[in-house]
Amino acid sequence: MRVWAETHMVGDRTKRTPILSVLRIAALLLADSVLAFLALELPWNDALFQMSPSLVAVNVCIVGLFVLTAFFLGQRTGLLVGVVVLVAGGFGIAQHFVVEFKGASILPSDLMALGTAAAVSGGYEYQLSDGILAGMAAVGLGWASASFLAPVRLRPAHARRTMRALPIAVNLLAAGACVATGLYTFEHVDFVADLGLTNNYFSSKDIYKVQGFAASFAHLASTMGVDPPEGYSLQGAEDLEGSYSDTYQRARGESEGRLAAEEQFEQVRPSFVVIMNESFTDLSIFDGLGVGYAGPEQFMSIPDALMMGNITPSNYGGGTCNSEFQFLTGFSSAYLGAAVFPYTAFDLSGMPSLARQLSDMGYETTAMHPNLATNWNRDVALADLGFDEFLSIEDFAADAQTFHAGISDAETYAKVIEVLQESESPQFIFDITMQNHGGYEMGNIPAGSLPDTQYPGLDDATRSQVNEFIACIDESDRAFSDFLDELRNMDRPIVVVMFGDHQPGFTRTLNDTFYAGEAGLDHDARAYITPYCIWANYDVEGCDQVSERKDMGIHALGSAMLDLAGAPLTSLQQAAVVGNADVQGLNALGYKGTDGVWHELDYADAPQVVNDYEWMQYLEMIDRPRG
């Protein structure tokens, strides 16, 4: 590719003007950056022209860094710049079909599973769209623009010979500087605080439309890394696991009750039904809302639970998928951060999980959620975590009962019963409900079900939200009680776990209102508490079943379920059970000790398990090969 130098006449001589050449090349590089951005967005983003100018600039800058790097790598010619535009167009077309077929976006974790994507891609019908044609046109224009790029040749007047182009090494050094700039920015820029992006990728398609592909993809990619703990070693982590397993065996595994439960488990193989109930929360922890509110009364008064108490999610007002991930894997967000969403950031294939563990024991595994399968990338994430089947909104009847935000809890419980009745094999069913999802100003609660309570210190807007939310919790409470009654009459052993994924978004207002003047981690942590119960419809050996109360981190709840039922535990699960003796709450804020006080994770007098569990989690999540 060659470009004619800018010239002007000096007397009868032609003089090159390199400044104009540099400006022209800068303009061409900017044009290619914009065209690459358009090639990436036009094939799929029908909201492109509603994107804010600031986010357009962020996306163009990200793409432009690739363009500039390619320019220098190609020795200041347009060949590799054209390749960048072409690759951008390819990603745009691929995104179009992913959006069309899945209703989702391409995520960084998807690049780790290209083989699987290729294997299933043949089952779809591919057609050109106006957006794809527009994207292809942008690619063509980008190539045309790139064809005018050539090195700026500097030749002073009266020079007897043309200066040679800058050495290859200098161009490579410039390309390296571009890469270093990109890596530094990627590492040090806060995509949320500095660039205005969101952490909520509940519907990745919609978020990508607003933020742009390049910015959204780069943001998610920035969350993928997990650094090893300070001083970490593989052997050290394995030794820790062995130590905690030994402690578990001495303190629990060799006890008469646990041995009896193990023998019973092998004989009866109970099914496990886990209900992660959307926003299910006991608002009575906020000083009874100033009116003596007692919370979900039927749930709180279950007389024959194996265990009850509070768990400590790391997310507030949203981030359901992180509560799922912690329960299913036993990995705590305390060591990942609340802003990291493994369902969209990590390759979960082969990762340890309850679904995979129980499947290996001969259990049939089913997850269900009465909403879009692509929300939080669940259609991919849950399969990667080992579930045999995932039932989404399409698997519920069109006339299924709804309440507030969607399909009612009662309808999901009916679906659970249906799955149980379809097979006599032991089942692991994970039910992610939808009914109580925000917001709480919908005004759609049936007549007679909406309280009209006045709460001291709350404004009318918050009071309205609280009343609508309590109506939802009352309905959840009734439906769960009816569900347990139905299971009591089923002639097969079933263990049920029910817990709330996070608090609704208005509870910080309650916290600040009813505990005005209180400060510190204990105050903040109150907004990160939800109730749980573990219940069984049969007499479980080794357990009095008198609703013993014990608080724990959400990561330890699955381990407690298996432990009480007499099921085999992994080393990490044994460590979670042992650790609960010293740590009664663990999340991204910190931990709660046996004194009931919350501390930050780096607290000098933290129980040893706080640091040890991070090592063991890194071992199982990152360092151990996946089979």
# chains A, B, ... in the order shown; residues from 1 in each chain; ligands from 1

$ residues_around --residues "stretch 382-391 of chain A" --least-positions-apart "5" --cutoff "7 Å" --atoms "only C-alpha atoms" --output "MDAnalysis selection string"
chainID A and resid 348:351 353 355:356 364:369

$ write_last_selection --atoms "C-alpha atoms" --output "mmCIF file, in the first residue's frame"
data_model
loop_
_atom_site.group_PDB
_atom_site.id
_atom_site.type_symbol
_atom_site.label_atom_id
_atom_site.label_comp_id
_atom_site.auth_asym_id
_atom_site.auth_seq_id
_atom_site.Cartn_x
_atom_site.Cartn_y
_atom_site.Cartn_z
ATOM 1 C CA LEU A 348 -17.143 -23.043 34.585
ATOM 2 C CA SER A 349 -16.846 -26.276 32.628
ATOM 3 C CA GLY A 350 -15.425 -28.981 34.845
ATOM 4 C CA MET A 351 -15.531 -26.742 37.930
ATOM 5 C CA SER A 353 -20.171 -28.208 41.975
ATOM 6 C CA ALA A 355 -24.629 -30.827 40.585
ATOM 7 C CA ARG A 356 -21.528 -32.593 39.290
ATOM 8 C CA GLU A 364 -30.458 -36.836 38.131
ATOM 9 C CA THR A 365 -29.828 -33.085 38.221
ATOM 10 C CA THR A 366 -32.280 -30.383 37.153
ATOM 11 C CA ALA A 367 -32.121 -26.602 37.473
ATOM 12 C CA MET A 368 -35.138 -24.409 36.846
ATOM 13 C CA HIS A 369 -35.828 -20.703 36.617
#

$ residues_around --residues "A:Glu187" --least-positions-apart "3" --cutoff "8 Å" --atoms "only C-alpha atoms" --output "count of residues only"
3

$ residues_around --residues "A:Gly257" --least-positions-apart "4" --cutoff "8 Å" --atoms "only C-alpha atoms" --output "list in words"
Ala261, Glu541, Gly542 and Cys543 of chain A

$ residues_around --residues "stretch 47-62 of chain A" --least-positions-apart "3" --cutoff "10 Å" --atoms "only C-alpha atoms" --output "VMD selection string"
chain A and resid 30 to 38 41 to 42 44 65 to 67 182 186 195 to 197 206 208 to 216 218

$ write_last_selection --atoms "N, CA, C and O atoms" --output "short mmCIF file (atom, residue, chain, number, x, y, z; two decimals), in the first residue's frame"
data_model
loop_
_atom_site.label_atom_id
_atom_site.label_comp_id
_atom_site.auth_asym_id
_atom_site.auth_seq_id
_atom_site.Cartn_x
_atom_site.Cartn_y
_atom_site.Cartn_z
N LEU A 30 -7.94 7.30 12.70
CA LEU A 30 -9.19 7.58 13.40
C LEU A 30 -10.37 7.04 12.61
O LEU A 30 -11.29 6.44 13.17
N ALA A 31 -10.34 7.25 11.30
CA ALA A 31 -11.42 6.74 10.46
C ALA A 31 -11.52 5.22 10.55
O ALA A 31 -12.61 4.65 10.65
N ASP A 32 -10.36 4.55 10.51
CA ASP A 32 -10.38 3.09 10.62
C ASP A 32 -10.88 2.64 11.98
O ASP A 32 -11.55 1.61 12.10
N SER A 33 -10.56 3.39 13.03
CA SER A 33 -11.05 3.04 14.37
C SER A 33 -12.57 3.15 14.43
O SER A 33 -13.25 2.28 14.98
N VAL A 34 -13.09 4.23 13.88
CA VAL A 34 -14.55 4.42 13.86
C VAL A 34 -15.21 3.36 13.00
O VAL A 34 -16.24 2.78 13.38
N LEU A 35 -14.63 3.05 11.85
CA LEU A 35 -15.21 2.05 10.96
C LEU A 35 -15.14 0.65 11.58
O LEU A 35 -16.07 -0.16 11.42
N ALA A 36 -14.06 0.35 12.30
CA ALA A 36 -13.98 -0.93 13.00
C ALA A 36 -15.04 -1.01 14.09
O ALA A 36 -15.68 -2.06 14.30
N PHE A 37 -15.24 0.10 14.80
CA PHE A 37 -16.31 0.16 15.81
C PHE A 37 -17.67 -0.09 15.17
O PHE A 37 -18.48 -0.87 15.68
N LEU A 38 -17.93 0.55 14.02
CA LEU A 38 -19.21 0.36 13.34
C LEU A 38 -19.34 -1.06 12.81
O LEU A 38 -20.44 -1.66 12.86
N GLU A 41 -20.48 -3.11 15.69
CA GLU A 41 -21.79 -2.84 16.28
C GLU A 41 -22.95 -2.98 15.30
O GLU A 41 -24.04 -3.45 15.66
N LEU A 42 -22.77 -2.55 14.06
CA LEU A 42 -23.90 -2.48 13.12
C LEU A 42 -24.60 -3.81 12.87
O LEU A 42 -25.83 -3.84 12.73
N TRP A 44 -25.58 -6.10 14.76
CA TRP A 44 -26.48 -6.62 15.79
C TRP A 44 -27.13 -5.55 16.67
O TRP A 44 -28.19 -5.78 17.25
N LEU A 65 -7.00 1.45 19.90
CA LEU A 65 -5.72 0.96 20.41
C LEU A 65 -5.26 -0.27 19.62
O LEU A 65 -4.07 -0.43 19.34
N PHE A 66 -6.21 -1.13 19.25
CA PHE A 66 -5.86 -2.28 18.40
C PHE A 66 -5.43 -1.80 17.02
O PHE A 66 -4.48 -2.34 16.43
N VAL A 67 -6.12 -0.79 16.49
CA VAL A 67 -5.78 -0.26 15.18
C VAL A 67 -4.37 0.33 15.19
O VAL A 67 -3.55 0.08 14.28
N GLY A 182 -2.32 -0.28 26.70
CA GLY A 182 -3.58 -0.99 26.84
C GLY A 182 -3.62 -1.84 28.09
O GLY A 182 -4.61 -1.84 28.83
N PHE A 186 -6.06 -1.34 31.18
CA PHE A 186 -6.92 -2.47 31.52
C PHE A 186 -6.79 -2.82 32.99
O PHE A 186 -7.77 -3.18 33.65
N LEU A 195 -15.33 4.91 33.94
CA LEU A 195 -15.89 4.92 32.58
C LEU A 195 -17.41 4.85 32.55
O LEU A 195 -18.01 4.96 31.48
N GLY A 196 -18.04 4.65 33.69
CA GLY A 196 -19.50 4.69 33.75
C GLY A 196 -20.19 3.41 33.31
O GLY A 196 -21.38 3.43 32.99
N LEU A 197 -19.47 2.28 33.31
CA LEU A 197 -20.10 1.02 32.96
C LEU A 197 -20.79 0.43 34.18
O LEU A 197 -20.61 0.89 35.30
N ASP A 206 -28.79 -6.73 26.41
CA ASP A 206 -29.26 -5.37 26.61
C ASP A 206 -28.15 -4.46 27.12
O ASP A 206 -28.06 -3.29 26.73
N TYR A 208 -24.87 -4.86 26.58
CA TYR A 208 -23.95 -4.62 25.48
C TYR A 208 -24.50 -3.55 24.53
O TYR A 208 -23.74 -2.75 23.97
N LYS A 209 -25.80 -3.55 24.31
CA LYS A 209 -26.39 -2.55 23.42
C LYS A 209 -26.17 -1.14 23.95
O LYS A 209 -25.89 -0.21 23.19
N VAL A 210 -26.30 -0.98 25.25
CA VAL A 210 -26.16 0.34 25.86
C VAL A 210 -24.70 0.76 25.94
O VAL A 210 -24.35 1.92 25.69
N GLN A 211 -23.83 -0.17 26.29
CA GLN A 211 -22.44 0.16 26.57
C GLN A 211 -21.51 -0.06 25.38
O GLN A 211 -20.40 0.47 25.37
N GLY A 212 -21.95 -0.84 24.39
CA GLY A 212 -21.09 -1.19 23.28
C GLY A 212 -20.36 -2.50 23.53
O GLY A 212 -20.07 -2.86 24.68
N PHE A 213 -20.06 -3.20 22.44
CA PHE A 213 -19.44 -4.52 22.56
C PHE A 213 -18.05 -4.42 23.17
O PHE A 213 -17.71 -5.15 24.11
N ALA A 214 -17.20 -3.56 22.61
CA ALA A 214 -15.79 -3.52 23.04
C ALA A 214 -15.67 -3.16 24.51
O ALA A 214 -14.91 -3.79 25.25
N ALA A 215 -16.41 -2.14 24.97
CA ALA A 215 -16.32 -1.72 26.37
C ALA A 215 -16.84 -2.80 27.30
O ALA A 215 -16.24 -3.10 28.33
N SER A 216 -17.98 -3.40 26.95
CA SER A 216 -18.58 -4.43 27.81
C SER A 216 -17.70 -5.66 27.88
O SER A 216 -17.47 -6.23 28.96
N ALA A 218 -14.46 -5.87 27.31
CA ALA A 218 -13.22 -5.56 28.03
C ALA A 218 -13.47 -5.51 29.54
O ALA A 218 -12.65 -5.99 30.34
#

$ closest_residue --among "A:Thr223, A:Gln465, A:Ser392, A:Thr181" --to "A:Leu372" --atoms "only C-alpha atoms"
A:Ser392

$ atom_distance --atom1 "atom CA of A:Leu306" --atom2 "atom CA of A:Pro531"
14.1 Å

$ atom_distance --atom1 "atom CA of A:Ala471" --atom2 "atom CA of A:Asp304"
25.5 Å

$ residues_around --residues "A:Ile93" --least-positions-apart "2" --cutoff "12 Å" --atoms "only C-alpha atoms" --output "MDAnalysis selection string"
chainID A and resid 38:45 86:91 95:100 105:106 126:136 139 213

$ closest_atom_pairs --of "stretch 337-399 of chain A" --to "stretch 588-603 of chain A" --cutoff "12 Å" --atoms "only C-alpha atoms" --output "Markdown table"
| residue | atom | partner | partner_atom | distance |
| --- | --- | --- | --- | --- |
| A:Gly337 | CA | A:Ala588 | CA | 5.4 |
| A:Ala338 | CA | A:Ala588 | CA | 5.8 |
| A:Ala339 | CA | A:Ala588 | CA | 9.3 |
| A:Val340 | CA | A:Ala588 | CA | 10.4 |

$ write_last_selection --atoms "C-alpha atoms" --output "PDB file, in the first residue's frame"
ATOM      1  CA  GLY A 337     -15.323  -9.637  45.303  1.00  0.00           C
ATOM      2  CA  ALA A 338     -19.006  -8.797  44.959  1.00  0.00           C
ATOM      3  CA  ALA A 339     -18.392  -7.087  41.602  1.00  0.00           C
ATOM      4  CA  VAL A 340     -17.096 -10.276  39.961  1.00  0.00           C
TER       5      VAL A 340
END

$ select_by_dssp --residues "stretch 134-367 of chain A" --states "helix (DSSP H, G or I)" --output "PyMOL selection string"
chain A and resi 134-146+168-188+204-211+213-222+234-253+256-268+283-285+287-290+297-300+320-329+333-335+342-345+354-360

$ residues_around --residues "A:Asn489" --least-positions-apart "4" --cutoff "12 Å" --atoms "only C-alpha atoms" --output "tab-separated table (two decimals) with N, CA and C atoms, in the first residue's frame"
chain	number	residue	atom	x	y	z
A	417	ILE	N	-42.47	-30.86	41.99
A	417	ILE	CA	-43.22	-32.11	42.22
A	417	ILE	C	-43.31	-32.91	40.93
A	482	ASP	N	-47.16	-24.71	52.21
A	482	ASP	CA	-47.98	-25.69	51.49
A	482	ASP	C	-47.10	-26.73	50.79
A	483	PHE	N	-45.96	-26.29	50.28
A	483	PHE	CA	-45.04	-27.20	49.61
A	483	PHE	C	-44.51	-28.25	50.58
A	484	LEU	N	-44.11	-27.81	51.77
A	484	LEU	CA	-43.63	-28.77	52.76
A	484	LEU	C	-44.73	-29.75	53.16
A	485	ASP	N	-45.96	-29.26	53.30
A	485	ASP	CA	-47.07	-30.16	53.62
A	485	ASP	C	-47.24	-31.23	52.54
A	493	PRO	N	-37.90	-40.20	50.36
A	493	PRO	CA	-37.14	-39.29	51.23
A	493	PRO	C	-36.66	-38.06	50.45
A	494	ILE	N	-36.88	-36.90	51.02
A	494	ILE	CA	-36.51	-35.65	50.37
A	494	ILE	C	-35.93	-34.69	51.40
A	536	ALA	N	-36.25	-31.98	56.18
A	536	ALA	CA	-36.41	-33.28	55.53
A	536	ALA	C	-37.78	-33.85	55.88
A	537	ASN	N	-38.33	-34.64	54.95
A	537	ASN	CA	-39.65	-35.25	55.18
A	537	ASN	C	-39.53	-36.64	55.78
A	538	TYR	N	-38.36	-37.00	56.30
A	538	TYR	CA	-38.16	-38.28	56.95
A	538	TYR	C	-37.26	-38.07	58.16

$ select_by_dssp --residues "stretch 322-460 of chain A" --states "strand (DSSP E or B)" --output "PyMOL selection string"
chain A and resi 364-368+389-391+402-403+406-407+427-432

$ write_last_selection --atoms "C-alpha atoms" --output "CSV table (one decimal), in the first residue's frame"
chain,number,residue,atom,x,y,z
A,364,GLU,CA,-30.5,-36.8,38.1
A,365,THR,CA,-29.8,-33.1,38.2
A,366,THR,CA,-32.3,-30.4,37.2
A,367,ALA,CA,-32.1,-26.6,37.5
A,368,MET,CA,-35.1,-24.4,36.8
A,389,GLU,CA,-31.4,-30.3,32.4
A,390,PHE,CA,-32.3,-26.6,32.7
A,391,LEU,CA,-36.0,-25.6,32.7
A,402,THR,CA,-48.1,-15.4,38.3
A,403,PHE,CA,-47.6,-13.1,41.3
A,406,GLY,CA,-43.5,-13.3,37.3
A,407,ILE,CA,-44.3,-17.0,37.7
A,427,GLN,CA,-33.0,-36.1,42.2
A,428,PHE,CA,-31.1,-32.9,42.8
A,429,ILE,CA,-33.4,-30.1,41.8
A,430,PHE,CA,-32.3,-26.4,42.0
A,431,ASP,CA,-35.2,-24.0,41.9
A,432,ILE,CA,-34.4,-20.3,41.3

$ closest_residue --among "A:Asp239, A:Asp477, A:Glu256, A:Glu324" --to "A:Arg378" --atoms "only C-alpha atoms"
A:Glu324

$ residues_around --residues "A:Met434" --least-positions-apart "4" --cutoff "9 Å" --atoms "only C-alpha atoms" --output "VMD selection string"
chain A and resid 277 to 279 369 to 371 405 to 409

$ write_last_selection --atoms "all heavy atoms" --output "mmCIF file, in the first residue's frame"
data_model
loop_
_atom_site.group_PDB
_atom_site.id
_atom_site.type_symbol
_atom_site.label_atom_id
_atom_site.label_comp_id
_atom_site.auth_asym_id
_atom_site.auth_seq_id
_atom_site.Cartn_x
_atom_site.Cartn_y
_atom_site.Cartn_z
ATOM 1 N N ASN A 277 -34.737 -18.573 46.826
ATOM 2 C CA ASN A 277 -35.925 -17.742 46.677
ATOM 3 C C ASN A 277 -35.541 -16.281 46.465
ATOM 4 O O ASN A 277 -34.851 -15.678 47.294
ATOM 5 C CB ASN A 277 -36.815 -17.891 47.915
ATOM 6 C CG ASN A 277 -38.213 -17.380 47.676
ATOM 7 O OD1 ASN A 277 -38.429 -16.176 47.586
ATOM 8 N ND2 ASN A 277 -39.160 -18.288 47.590
ATOM 9 N N GLU A 278 -36.003 -15.733 45.358
ATOM 10 C CA GLU A 278 -35.667 -14.364 44.968
ATOM 11 C C GLU A 278 -36.020 -13.365 46.069
ATOM 12 O O GLU A 278 -37.182 -13.225 46.468
ATOM 13 C CB GLU A 278 -36.400 -13.991 43.685
ATOM 14 C CG GLU A 278 -36.299 -12.531 43.284
ATOM 15 C CD GLU A 278 -34.876 -12.111 42.952
ATOM 16 O OE1 GLU A 278 -34.152 -12.898 42.303
ATOM 17 O OE2 GLU A 278 -34.497 -10.985 43.341
ATOM 18 N N SER A 279 -34.994 -12.681 46.593
ATOM 19 C CA SER A 279 -35.125 -11.586 47.557
ATOM 20 C C SER A 279 -35.819 -11.990 48.853
ATOM 21 O O SER A 279 -36.257 -11.118 49.610
ATOM 22 C CB SER A 279 -35.870 -10.392 46.932
ATOM 23 O OG SER A 279 -35.164 -9.890 45.825
ATOM 24 N N HIS A 369 -35.641 -22.127 36.353
ATOM 25 C CA HIS A 369 -35.828 -20.703 36.617
ATOM 26 C C HIS A 369 -36.887 -20.187 35.646
ATOM 27 O O HIS A 369 -36.685 -20.240 34.431
ATOM 28 C CB HIS A 369 -34.522 -19.938 36.418
ATOM 29 C CG HIS A 369 -34.641 -18.460 36.653
ATOM 30 N ND1 HIS A 369 -35.168 -17.927 37.799
ATOM 31 C CD2 HIS A 369 -34.305 -17.396 35.871
ATOM 32 C CE1 HIS A 369 -35.151 -16.603 37.719
ATOM 33 N NE2 HIS A 369 -34.640 -16.254 36.561
ATOM 34 N N PRO A 370 -38.010 -19.691 36.165
ATOM 35 C CA PRO A 370 -39.114 -19.283 35.285
ATOM 36 C C PRO A 370 -38.898 -17.913 34.644
ATOM 37 O O PRO A 370 -39.710 -17.006 34.796
ATOM 38 C CB PRO A 370 -40.328 -19.289 36.224
ATOM 39 C CG PRO A 370 -39.741 -18.925 37.550
ATOM 40 C CD PRO A 370 -38.379 -19.567 37.586
ATOM 41 N N ASN A 371 -37.781 -17.793 33.940
ATOM 42 C CA ASN A 371 -37.493 -16.580 33.197
ATOM 43 C C ASN A 371 -36.604 -16.973 32.029
ATOM 44 O O ASN A 371 -36.387 -18.162 31.777
ATOM 45 C CB ASN A 371 -36.840 -15.525 34.088
ATOM 46 C CG ASN A 371 -37.169 -14.111 33.634
ATOM 47 O OD1 ASN A 371 -36.892 -13.743 32.496
ATOM 48 N ND2 ASN A 371 -37.758 -13.319 34.516
ATOM 49 N N ALA A 405 -43.844 -10.241 40.164
ATOM 50 C CA ALA A 405 -42.851 -10.052 39.110
ATOM 51 C C ALA A 405 -42.783 -11.191 38.107
ATOM 52 O O ALA A 405 -41.973 -11.129 37.180
ATOM 53 C CB ALA A 405 -41.471 -9.841 39.726
ATOM 54 N N GLY A 406 -43.601 -12.213 38.261
ATOM 55 C CA GLY A 406 -43.526 -13.316 37.307
ATOM 56 C C GLY A 406 -44.194 -14.571 37.816
ATOM 57 O O GLY A 406 -45.097 -14.521 38.660
ATOM 58 N N ILE A 407 -43.730 -15.713 37.287
ATOM 59 C CA ILE A 407 -44.273 -17.004 37.700
ATOM 60 C C ILE A 407 -44.181 -17.125 39.217
ATOM 61 O O ILE A 407 -43.152 -16.813 39.828
ATOM 62 C CB ILE A 407 -43.484 -18.155 37.034
ATOM 63 C CG1 ILE A 407 -43.591 -18.067 35.511
ATOM 64 C CG2 ILE A 407 -43.976 -19.507 37.535
ATOM 65 C CD1 ILE A 407 -44.971 -18.296 34.974
ATOM 66 N N SER A 408 -45.252 -17.586 39.842
ATOM 67 C CA SER A 408 -45.320 -17.635 41.296
ATOM 68 C C SER A 408 -44.429 -18.735 41.859
ATOM 69 O O SER A 408 -44.082 -19.706 41.184
ATOM 70 C CB SER A 408 -46.760 -17.871 41.754
ATOM 71 O OG SER A 408 -47.184 -19.184 41.396
ATOM 72 N N ASP A 409 -44.055 -18.568 43.121
ATOM 73 C CA ASP A 409 -43.316 -19.623 43.806
ATOM 74 C C ASP A 409 -44.079 -20.935 43.745
ATOM 75 O O ASP A 409 -43.492 -22.003 43.532
ATOM 76 C CB ASP A 409 -43.085 -19.240 45.269
ATOM 77 C CG ASP A 409 -42.055 -18.137 45.450
ATOM 78 O OD1 ASP A 409 -41.529 -17.650 44.433
ATOM 79 O OD2 ASP A 409 -41.793 -17.768 46.607
#

$ atom_distance --atom1 "atom CA of A:Met307" --atom2 "atom CA of A:Gln584"
13.9 Å

$ closest_residue --among "A:Ser271, A:Asn467, A:Asn200, A:Gln573" --to "A:Arg492" --atoms "only C-alpha atoms"
A:Ser271
